[in-house]
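K.L.:
Sending over target_14.cif (mmCIF, N, CA and C atoms).
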data_structure
#
loop_
_atom_site.label_atom_id
_atom_site.label_comp_id
_atom_site.auth_asym_id
_atom_site.auth_seq_id
_atom_site.Cartn_x
_atom_site.Cartn_y
_atom_site.Cartn_z
N TYR U 303 147.68 36.27 16.12
CA TYR U 303 149.03 35.83 16.32
C TYR U 303 149.13 35.12 17.66
N ALA U 304 150.15 34.32 17.81
CA ALA U 304 150.34 33.55 19.04
C ALA U 304 151.75 33.81 19.56
N LEU U 305 151.85 33.96 20.86
CA LEU U 305 153.14 34.18 21.50
C LEU U 305 153.45 32.99 22.40
N PRO U 306 154.60 32.35 22.21
CA PRO U 306 154.95 31.21 23.04
C PRO U 306 155.34 31.62 24.46
N ARG U 307 155.77 32.88 24.64
CA ARG U 307 156.12 33.40 25.95
C ARG U 307 155.87 34.90 25.96
N GLY U 308 155.81 35.49 27.11
CA GLY U 308 155.58 36.92 27.22
C GLY U 308 156.72 37.71 26.62
N THR U 309 156.40 38.79 25.91
CA THR U 309 157.41 39.62 25.26
C THR U 309 156.80 40.97 24.87
N ASP U 310 157.65 41.89 24.46
CA ASP U 310 157.18 43.16 23.90
C ASP U 310 156.71 42.92 22.47
N VAL U 311 155.57 43.52 22.12
CA VAL U 311 154.97 43.32 20.81
C VAL U 311 154.67 44.68 20.18
N SER U 312 154.88 44.77 18.87
CA SER U 312 154.56 45.97 18.11
C SER U 312 153.98 45.55 16.77
N LEU U 313 152.85 46.18 16.40
CA LEU U 313 152.25 45.96 15.08
C LEU U 313 151.89 47.33 14.53
N GLU U 314 152.59 47.72 13.45
CA GLU U 314 152.42 49.05 12.88
C GLU U 314 152.10 48.95 11.40
N LEU U 315 151.38 49.96 10.89
CA LEU U 315 150.96 50.01 9.50
C LEU U 315 151.62 51.22 8.83
N PHE U 316 152.18 50.99 7.62
CA PHE U 316 152.89 52.03 6.89
C PHE U 316 152.32 52.20 5.49
N ASN U 317 152.35 53.43 4.97
CA ASN U 317 151.94 53.66 3.58
C ASN U 317 153.13 53.41 2.65
N LEU U 318 152.95 53.59 1.36
CA LEU U 318 154.01 53.31 0.39
C LEU U 318 155.19 54.27 0.51
N GLN U 319 155.00 55.42 1.13
CA GLN U 319 156.10 56.37 1.33
C GLN U 319 156.90 56.03 2.59
N GLY U 320 156.50 55.00 3.31
CA GLY U 320 157.20 54.59 4.52
C GLY U 320 156.76 55.33 5.76
N GLN U 321 155.70 56.10 5.67
CA GLN U 321 155.18 56.83 6.82
C GLN U 321 154.29 55.92 7.65
N ARG U 322 154.49 55.91 8.96
CA ARG U 322 153.62 55.12 9.83
C ARG U 322 152.26 55.80 9.88
N VAL U 323 151.21 55.08 9.54
CA VAL U 323 149.86 55.64 9.54
C VAL U 323 149.02 55.12 10.70
N ALA U 324 149.44 54.00 11.32
CA ALA U 324 148.69 53.48 12.45
C ALA U 324 149.58 52.56 13.28
N THR U 325 149.37 52.62 14.58
CA THR U 325 149.99 51.68 15.51
C THR U 325 148.85 50.86 16.09
N LEU U 326 148.82 49.58 15.76
CA LEU U 326 147.71 48.72 16.18
C LEU U 326 147.98 48.06 17.53
N VAL U 327 149.23 47.72 17.79
CA VAL U 327 149.62 47.11 19.07
C VAL U 327 150.99 47.63 19.44
N ARG U 328 151.16 47.97 20.71
CA ARG U 328 152.48 48.33 21.22
C ARG U 328 152.47 48.11 22.72
N GLY U 329 153.34 47.22 23.17
CA GLY U 329 153.44 46.98 24.60
C GLY U 329 153.79 45.54 24.91
N SER U 330 153.85 45.26 26.18
CA SER U 330 154.20 43.93 26.65
C SER U 330 152.94 43.05 26.70
N GLN U 331 153.05 41.82 26.22
CA GLN U 331 151.93 40.88 26.25
C GLN U 331 152.42 39.53 26.75
N GLY U 332 151.55 38.83 27.45
CA GLY U 332 151.87 37.50 27.95
C GLY U 332 151.71 36.44 26.87
N ALA U 333 152.14 35.23 27.20
CA ALA U 333 152.00 34.11 26.26
C ALA U 333 150.53 33.85 25.98
N GLY U 334 150.24 33.41 24.75
CA GLY U 334 148.86 33.08 24.37
C GLY U 334 148.53 33.50 22.96
N GLU U 335 147.27 33.29 22.58
CA GLU U 335 146.77 33.68 21.26
C GLU U 335 146.07 35.02 21.35
N TYR U 336 146.27 35.83 20.32
CA TYR U 336 145.67 37.16 20.28
C TYR U 336 144.97 37.35 18.94
N HIS U 337 143.85 38.02 18.97
CA HIS U 337 143.08 38.36 17.76
C HIS U 337 142.91 39.87 17.76
N LEU U 338 143.04 40.47 16.60
CA LEU U 338 143.01 41.91 16.49
C LEU U 338 142.02 42.33 15.42
N GLY U 339 141.12 43.21 15.77
CA GLY U 339 140.22 43.80 14.78
C GLY U 339 140.88 45.02 14.16
N PHE U 340 140.60 45.26 12.89
CA PHE U 340 141.20 46.39 12.19
C PHE U 340 140.11 47.15 11.47
N GLU U 341 139.90 48.41 11.84
CA GLU U 341 138.83 49.22 11.26
C GLU U 341 139.32 50.15 10.16
N ALA U 342 140.56 49.96 9.69
CA ALA U 342 141.15 50.75 8.60
C ALA U 342 141.12 52.24 8.91
N ARG U 343 141.64 52.57 10.09
CA ARG U 343 141.73 53.96 10.52
C ARG U 343 143.15 54.28 10.95
N ARG U 344 143.52 55.55 10.72
CA ARG U 344 144.83 56.03 11.18
C ARG U 344 144.82 56.13 12.70
N THR U 345 145.99 56.37 13.25
CA THR U 345 146.11 56.55 14.69
C THR U 345 145.25 57.72 15.17
N ASP U 346 145.08 58.76 14.33
CA ASP U 346 144.26 59.92 14.72
C ASP U 346 142.76 59.68 14.54
N GLY U 347 142.37 58.50 14.03
CA GLY U 347 140.96 58.15 13.88
C GLY U 347 140.38 58.36 12.50
N SER U 348 141.10 59.03 11.62
CA SER U 348 140.58 59.26 10.27
C SER U 348 140.70 57.98 9.43
N ALA U 349 139.78 57.83 8.47
CA ALA U 349 139.73 56.61 7.65
C ALA U 349 140.91 56.55 6.68
N LEU U 350 141.44 55.35 6.50
CA LEU U 350 142.51 55.14 5.51
C LEU U 350 141.89 54.95 4.13
N PRO U 351 142.48 55.54 3.10
CA PRO U 351 141.99 55.30 1.75
C PRO U 351 142.40 53.91 1.26
N ALA U 352 141.69 53.42 0.27
CA ALA U 352 142.07 52.14 -0.35
C ALA U 352 143.46 52.26 -0.93
N GLY U 353 144.20 51.17 -0.92
CA GLY U 353 145.54 51.19 -1.48
C GLY U 353 146.41 50.10 -0.90
N VAL U 354 147.69 50.20 -1.19
CA VAL U 354 148.68 49.23 -0.73
C VAL U 354 149.37 49.78 0.51
N TYR U 355 149.50 48.94 1.52
CA TYR U 355 150.15 49.28 2.78
C TYR U 355 151.09 48.15 3.16
N PHE U 356 151.96 48.43 4.09
CA PHE U 356 152.82 47.42 4.68
C PHE U 356 152.57 47.39 6.18
N TYR U 357 152.55 46.19 6.74
CA TYR U 357 152.46 46.10 8.19
C TYR U 357 153.71 45.41 8.71
N ARG U 358 154.18 45.88 9.85
CA ARG U 358 155.39 45.33 10.47
C ARG U 358 155.02 44.80 11.85
N PHE U 359 155.31 43.53 12.06
CA PHE U 359 155.04 42.86 13.33
C PHE U 359 156.37 42.52 13.98
N GLU U 360 156.52 42.92 15.24
CA GLU U 360 157.72 42.59 16.00
C GLU U 360 157.30 42.01 17.33
N ALA U 361 157.91 40.89 17.70
CA ALA U 361 157.66 40.25 18.99
C ALA U 361 158.97 39.64 19.45
N GLY U 362 159.58 40.23 20.46
CA GLY U 362 160.89 39.76 20.91
C GLY U 362 161.91 39.89 19.79
N ASP U 363 162.58 38.79 19.43
CA ASP U 363 163.56 38.79 18.34
C ASP U 363 162.94 38.60 16.97
N TYR U 364 161.65 38.28 16.90
CA TYR U 364 160.99 38.03 15.63
C TYR U 364 160.54 39.33 15.00
N ARG U 365 160.82 39.48 13.70
CA ARG U 365 160.36 40.65 12.93
C ARG U 365 159.88 40.20 11.56
N ALA U 366 158.74 40.73 11.13
CA ALA U 366 158.21 40.40 9.81
C ALA U 366 157.51 41.64 9.24
N THR U 367 157.71 41.87 7.95
CA THR U 367 157.02 42.93 7.23
C THR U 367 156.32 42.29 6.05
N ARG U 368 155.04 42.61 5.89
CA ARG U 368 154.23 42.03 4.82
C ARG U 368 153.43 43.13 4.14
N LYS U 369 153.07 42.87 2.89
CA LYS U 369 152.26 43.81 2.10
C LYS U 369 150.79 43.50 2.33
N MET U 370 149.98 44.56 2.30
CA MET U 370 148.54 44.42 2.50
C MET U 370 147.81 45.31 1.49
N LEU U 371 146.75 44.80 0.90
CA LEU U 371 145.92 45.58 0.00
C LEU U 371 144.62 45.90 0.71
N LEU U 372 144.34 47.18 0.88
CA LEU U 372 143.10 47.62 1.52
C LEU U 372 142.12 48.01 0.43
N MET U 373 140.99 47.31 0.38
CA MET U 373 139.96 47.59 -0.62
C MET U 373 138.72 48.11 0.08
N ARG U 374 138.09 49.09 -0.52
CA ARG U 374 136.86 49.66 0.05
C ARG U 374 135.70 49.36 -0.86
#
Could you take the file, read its structure, and then write that structure out as structure tokens?

P.N.:
Amino acid sequence: YALPRGTDVSLELFNLQGQRVATLVRGSQGAGEYHLGFEARRTDGSALPAGVYFYRFEAGDYRATRKMLLMR
């Protein structure tokens, strides 16, 4: 993702029941391009099972939620 200016950023992963299973990014970031690796693990480090998830990205006033299919 790319940020045109510095802002607070949050990227979280949710299961189909709406439970947050991982927080991938949370905090203030400066302007620029960012790349994120994802090892399909919960916040506690345990592996996520294959299935459908939703990720929510928030940066400043921008918010987006998208569906993701995790295949093993």

K.L.:
So which residues get picked by the PyMOL selection byres ((chain U and resi 313-329) around 6.5) here, written as a PyMOL selection string?

P.N.:
chain U and resi 309-312+330-331+343-346+354-360

K.L.:
What's the separation between atom C of Ala352 in chain U and atom C of Glu335 in chain U, in Å to one decimal place?

P.N.:
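So the two atoms, atom C of Ala352 in chain U and atom C of Glu335 in chain U, lie 28.3 Å apart.
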
K.L.:
Enclose all atoms of range 358-374 of chain U listed in the file in an axis-aligned box, grow every side by 8 Å, and hand back centre and edge lengths in Å to one decimal, as JSON.

P.N.:
{"center_x": 149.6, "center_y": 43.8, "center_z": 10.0, "size_x": 43.9, "size_y": 27.6, "size_z": 37.8}

K.L.:
Quick one: pull the distance between CA of Tyr336 in chain U and CA of Ser348 in chain U, Å, one decimal.

P.N.:
24.8 Å

K.L.:
To test your reading of the syntax: which residues would the PyMOL selection byres ((chain U and resi 303) around 8) return for the file shown? Reply as a count of residues only.

P.N.:
8

K.L.:
I need the strand (DSSP E) residues of range 304-374 of chain U per DSSP on the backbone, written as a short mmCIF file (atom, residue, chain, number, x, y, z; two decimals) with N, CA and C atoms, keeping the file's coordinate frame.

P.N.:
data_model
loop_
_atom_site.label_atom_id
_atom_site.label_comp_id
_atom_site.auth_asym_id
_atom_site.auth_seq_id
_atom_site.Cartn_x
_atom_site.Cartn_y
_atom_site.Cartn_z
N ALA U 304 150.15 34.32 17.81
CA ALA U 304 150.34 33.55 19.04
C ALA U 304 151.75 33.81 19.56
N LEU U 305 151.85 33.96 20.86
CA LEU U 305 153.14 34.18 21.50
C LEU U 305 153.45 32.99 22.40
N THR U 309 156.40 38.79 25.91
CA THR U 309 157.41 39.62 25.26
C THR U 309 156.80 40.97 24.87
N ASP U 310 157.65 41.89 24.46
CA ASP U 310 157.18 43.16 23.90
C ASP U 310 156.71 42.92 22.47
N VAL U 311 155.57 43.52 22.12
CA VAL U 311 154.97 43.32 20.81
C VAL U 311 154.67 44.68 20.18
N SER U 312 154.88 44.77 18.87
CA SER U 312 154.56 45.97 18.11
C SER U 312 153.98 45.55 16.77
N LEU U 313 152.85 46.18 16.40
CA LEU U 313 152.25 45.96 15.08
C LEU U 313 151.89 47.33 14.53
N GLU U 314 152.59 47.72 13.45
CA GLU U 314 152.42 49.05 12.88
C GLU U 314 152.10 48.95 11.40
N LEU U 315 151.38 49.96 10.89
CA LEU U 315 150.96 50.01 9.50
C LEU U 315 151.62 51.22 8.83
N PHE U 316 152.18 50.99 7.62
CA PHE U 316 152.89 52.03 6.89
C PHE U 316 152.32 52.20 5.49
N ARG U 322 154.49 55.91 8.96
CA ARG U 322 153.62 55.12 9.83
C ARG U 322 152.26 55.80 9.88
N VAL U 323 151.21 55.08 9.54
CA VAL U 323 149.86 55.64 9.54
C VAL U 323 149.02 55.12 10.70
N ALA U 324 149.44 54.00 11.32
CA ALA U 324 148.69 53.48 12.45
C ALA U 324 149.58 52.56 13.28
N THR U 325 149.37 52.62 14.58
CA THR U 325 149.99 51.68 15.51
C THR U 325 148.85 50.86 16.09
N LEU U 326 148.82 49.58 15.76
CA LEU U 326 147.71 48.72 16.18
C LEU U 326 147.98 48.06 17.53
N VAL U 327 149.23 47.72 17.79
CA VAL U 327 149.62 47.11 19.07
C VAL U 327 150.99 47.63 19.44
N ARG U 328 151.16 47.97 20.71
CA ARG U 328 152.48 48.33 21.22
C ARG U 328 152.47 48.11 22.72
N GLY U 329 153.34 47.22 23.17
CA GLY U 329 153.44 46.98 24.60
C GLY U 329 153.79 45.54 24.91
N SER U 330 153.85 45.26 26.18
CA SER U 330 154.20 43.93 26.65
C SER U 330 152.94 43.05 26.70
N GLN U 331 153.05 41.82 26.22
CA GLN U 331 151.93 40.88 26.25
C GLN U 331 152.42 39.53 26.75
N GLY U 334 150.24 33.41 24.75
CA GLY U 334 148.86 33.08 24.37
C GLY U 334 148.53 33.50 22.96
N GLU U 335 147.27 33.29 22.58
CA GLU U 335 146.77 33.68 21.26
C GLU U 335 146.07 35.02 21.35
N GLY U 353 144.20 51.17 -0.92
CA GLY U 353 145.54 51.19 -1.48
C GLY U 353 146.41 50.10 -0.90
N VAL U 354 147.69 50.20 -1.19
CA VAL U 354 148.68 49.23 -0.73
C VAL U 354 149.37 49.78 0.51
N TYR U 355 149.50 48.94 1.52
CA TYR U 355 150.15 49.28 2.78
C TYR U 355 151.09 48.15 3.16
N PHE U 356 151.96 48.43 4.09
CA PHE U 356 152.82 47.42 4.68
C PHE U 356 152.57 47.39 6.18
N TYR U 357 152.55 46.19 6.74
CA TYR U 357 152.46 46.10 8.19
C TYR U 357 153.71 45.41 8.71
N ARG U 358 154.18 45.88 9.85
CA ARG U 358 155.39 45.33 10.47
C ARG U 358 155.02 44.80 11.85
N PHE U 359 155.31 43.53 12.06
CA PHE U 359 155.04 42.86 13.33
C PHE U 359 156.37 42.52 13.98
N GLU U 360 156.52 42.92 15.24
CA GLU U 360 157.72 42.59 16.00
C GLU U 360 157.30 42.01 17.33
N ALA U 361 157.91 40.89 17.70
CA ALA U 361 157.66 40.25 18.99
C ALA U 361 158.97 39.64 19.45
N TYR U 364 161.65 38.28 16.90
CA TYR U 364 160.99 38.03 15.63
C TYR U 364 160.54 39.33 15.00
N ARG U 365 160.82 39.48 13.70
CA ARG U 365 160.36 40.65 12.93
C ARG U 365 159.88 40.20 11.56
N ALA U 366 158.74 40.73 11.13
CA ALA U 366 158.21 40.40 9.81
C ALA U 366 157.51 41.64 9.24
N THR U 367 157.71 41.87 7.95
CA THR U 367 157.02 42.93 7.23
C THR U 367 156.32 42.29 6.05
N ARG U 368 155.04 42.61 5.89
CA ARG U 368 154.23 42.03 4.82
C ARG U 368 153.43 43.13 4.14
N LYS U 369 153.07 42.87 2.89
CA LYS U 369 152.26 43.81 2.10
C LYS U 369 150.79 43.50 2.33
N MET U 370 149.98 44.56 2.30
CA MET U 370 148.54 44.42 2.50
C MET U 370 147.81 45.31 1.49
N LEU U 371 146.75 44.80 0.90
CA LEU U 371 145.92 45.58 0.00
C LEU U 371 144.62 45.90 0.71
N LEU U 372 144.34 47.18 0.88
CA LEU U 372 143.10 47.62 1.52
C LEU U 372 142.12 48.01 0.43
#

K.L.:
Have a look at atom C of Leu372 in chain U and CA of Glu341 in chain U and let me know their distance in Å, one decimal.

P.N.:
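Separation of atom C of Leu372 in chain U and CA of Glu341 in chain U: 11.4 Å.
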
K.L.:
Have a look at U:Ala333, U:Ala349, U:Ala342, U:Gly308 and name the one nearest to Leu371 in chain U; count only C-alpha atoms.

P.N.:
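Of the candidates, the smallest distance to Leu371 in chain U is held by U:Ala342.
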
K.L.:
How would range 332-352 of chain U look with N, CA, C and O atoms restored, written as an mmCIF file, in the coordinates of the input?

P.N.:
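Result written to rebuild.cif:
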data_model
loop_
_atom_site.group_PDB
_atom_site.id
_atom_site.type_symbol
_atom_site.label_atom_id
_atom_site.label_comp_id
_atom_site.auth_asym_id
_atom_site.auth_seq_id
_atom_site.Cartn_x
_atom_site.Cartn_y
_atom_site.Cartn_z
ATOM 1 N N GLY U 332 151.550 38.830 27.450
ATOM 2 C CA GLY U 332 151.870 37.500 27.950
ATOM 3 C C GLY U 332 151.710 36.440 26.870
ATOM 4 O O GLY U 332 151.189 36.696 25.786
ATOM 5 N N ALA U 333 152.140 35.230 27.200
ATOM 6 C CA ALA U 333 152.000 34.110 26.260
ATOM 7 C C ALA U 333 150.530 33.850 25.980
ATOM 8 O O ALA U 333 149.671 34.055 26.833
ATOM 9 N N GLY U 334 150.240 33.410 24.750
ATOM 10 C CA GLY U 334 148.860 33.080 24.370
ATOM 11 C C GLY U 334 148.530 33.500 22.960
ATOM 12 O O GLY U 334 149.379 34.020 22.227
ATOM 13 N N GLU U 335 147.270 33.290 22.580
ATOM 14 C CA GLU U 335 146.770 33.680 21.260
ATOM 15 C C GLU U 335 146.070 35.020 21.350
ATOM 16 O O GLU U 335 145.343 35.278 22.300
ATOM 17 N N TYR U 336 146.270 35.830 20.320
ATOM 18 C CA TYR U 336 145.670 37.160 20.280
ATOM 19 C C TYR U 336 144.970 37.350 18.940
ATOM 20 O O TYR U 336 145.462 36.892 17.900
ATOM 21 N N HIS U 337 143.850 38.020 18.970
ATOM 22 C CA HIS U 337 143.080 38.360 17.760
ATOM 23 C C HIS U 337 142.910 39.870 17.760
ATOM 24 O O HIS U 337 142.639 40.478 18.793
ATOM 25 N N LEU U 338 143.040 40.470 16.600
ATOM 26 C CA LEU U 338 143.010 41.910 16.490
ATOM 27 C C LEU U 338 142.020 42.330 15.420
ATOM 28 O O LEU U 338 142.085 41.844 14.289
ATOM 29 N N GLY U 339 141.120 43.210 15.770
ATOM 30 C CA GLY U 339 140.220 43.800 14.780
ATOM 31 C C GLY U 339 140.880 45.020 14.160
ATOM 32 O O GLY U 339 141.659 45.714 14.806
ATOM 33 N N PHE U 340 140.600 45.260 12.890
ATOM 34 C CA PHE U 340 141.200 46.390 12.190
ATOM 35 C C PHE U 340 140.110 47.150 11.470
ATOM 36 O O PHE U 340 139.455 46.617 10.576
ATOM 37 N N GLU U 341 139.900 48.410 11.840
ATOM 38 C CA GLU U 341 138.830 49.220 11.260
ATOM 39 C C GLU U 341 139.320 50.150 10.160
ATOM 40 O O GLU U 341 138.598 51.043 9.746
ATOM 41 N N ALA U 342 140.560 49.960 9.690
ATOM 42 C CA ALA U 342 141.150 50.750 8.600
ATOM 43 C C ALA U 342 141.120 52.240 8.910
ATOM 44 O O ALA U 342 140.677 53.058 8.122
ATOM 45 N N ARG U 343 141.640 52.570 10.090
ATOM 46 C CA ARG U 343 141.730 53.960 10.520
ATOM 47 C C ARG U 343 143.150 54.280 10.950
ATOM 48 O O ARG U 343 143.870 53.436 11.452
ATOM 49 N N ARG U 344 143.520 55.550 10.720
ATOM 50 C CA ARG U 344 144.830 56.030 11.180
ATOM 51 C C ARG U 344 144.820 56.130 12.700
ATOM 52 O O ARG U 344 143.778 56.053 13.336
ATOM 53 N N THR U 345 145.990 56.370 13.250
ATOM 54 C CA THR U 345 146.110 56.550 14.690
ATOM 55 C C THR U 345 145.250 57.720 15.170
ATOM 56 O O THR U 345 144.690 57.683 16.258
ATOM 57 N N ASP U 346 145.080 58.760 14.330
ATOM 58 C CA ASP U 346 144.260 59.920 14.720
ATOM 59 C C ASP U 346 142.760 59.680 14.540
ATOM 60 O O ASP U 346 141.949 60.555 14.812
ATOM 61 N N GLY U 347 142.370 58.500 14.030
ATOM 62 C CA GLY U 347 140.960 58.150 13.880
ATOM 63 C C GLY U 347 140.380 58.360 12.500
ATOM 64 O O GLY U 347 139.271 57.925 12.221
ATOM 65 N N SER U 348 141.100 59.030 11.620
ATOM 66 C CA SER U 348 140.580 59.260 10.270
ATOM 67 C C SER U 348 140.700 57.980 9.430
ATOM 68 O O SER U 348 141.573 57.152 9.657
ATOM 69 N N ALA U 349 139.780 57.830 8.470
ATOM 70 C CA ALA U 349 139.730 56.610 7.650
ATOM 71 C C ALA U 349 140.910 56.550 6.680
ATOM 72 O O ALA U 349 141.338 57.569 6.129
ATOM 73 N N LEU U 350 141.440 55.350 6.500
ATOM 74 C CA LEU U 350 142.510 55.140 5.510
ATOM 75 C C LEU U 350 141.890 54.950 4.130
ATOM 76 O O LEU U 350 140.886 54.256 3.992
ATOM 77 N N PRO U 351 142.480 55.540 3.100
ATOM 78 C CA PRO U 351 141.990 55.300 1.750
ATOM 79 C C PRO U 351 142.400 53.910 1.260
ATOM 80 O O PRO U 351 143.341 53.306 1.774
ATOM 81 N N ALA U 352 141.690 53.420 0.270
ATOM 82 C CA ALA U 352 142.070 52.140 -0.350
ATOM 83 C C ALA U 352 143.460 52.260 -0.930
ATOM 84 O O ALA U 352 143.883 53.339 -1.354
#
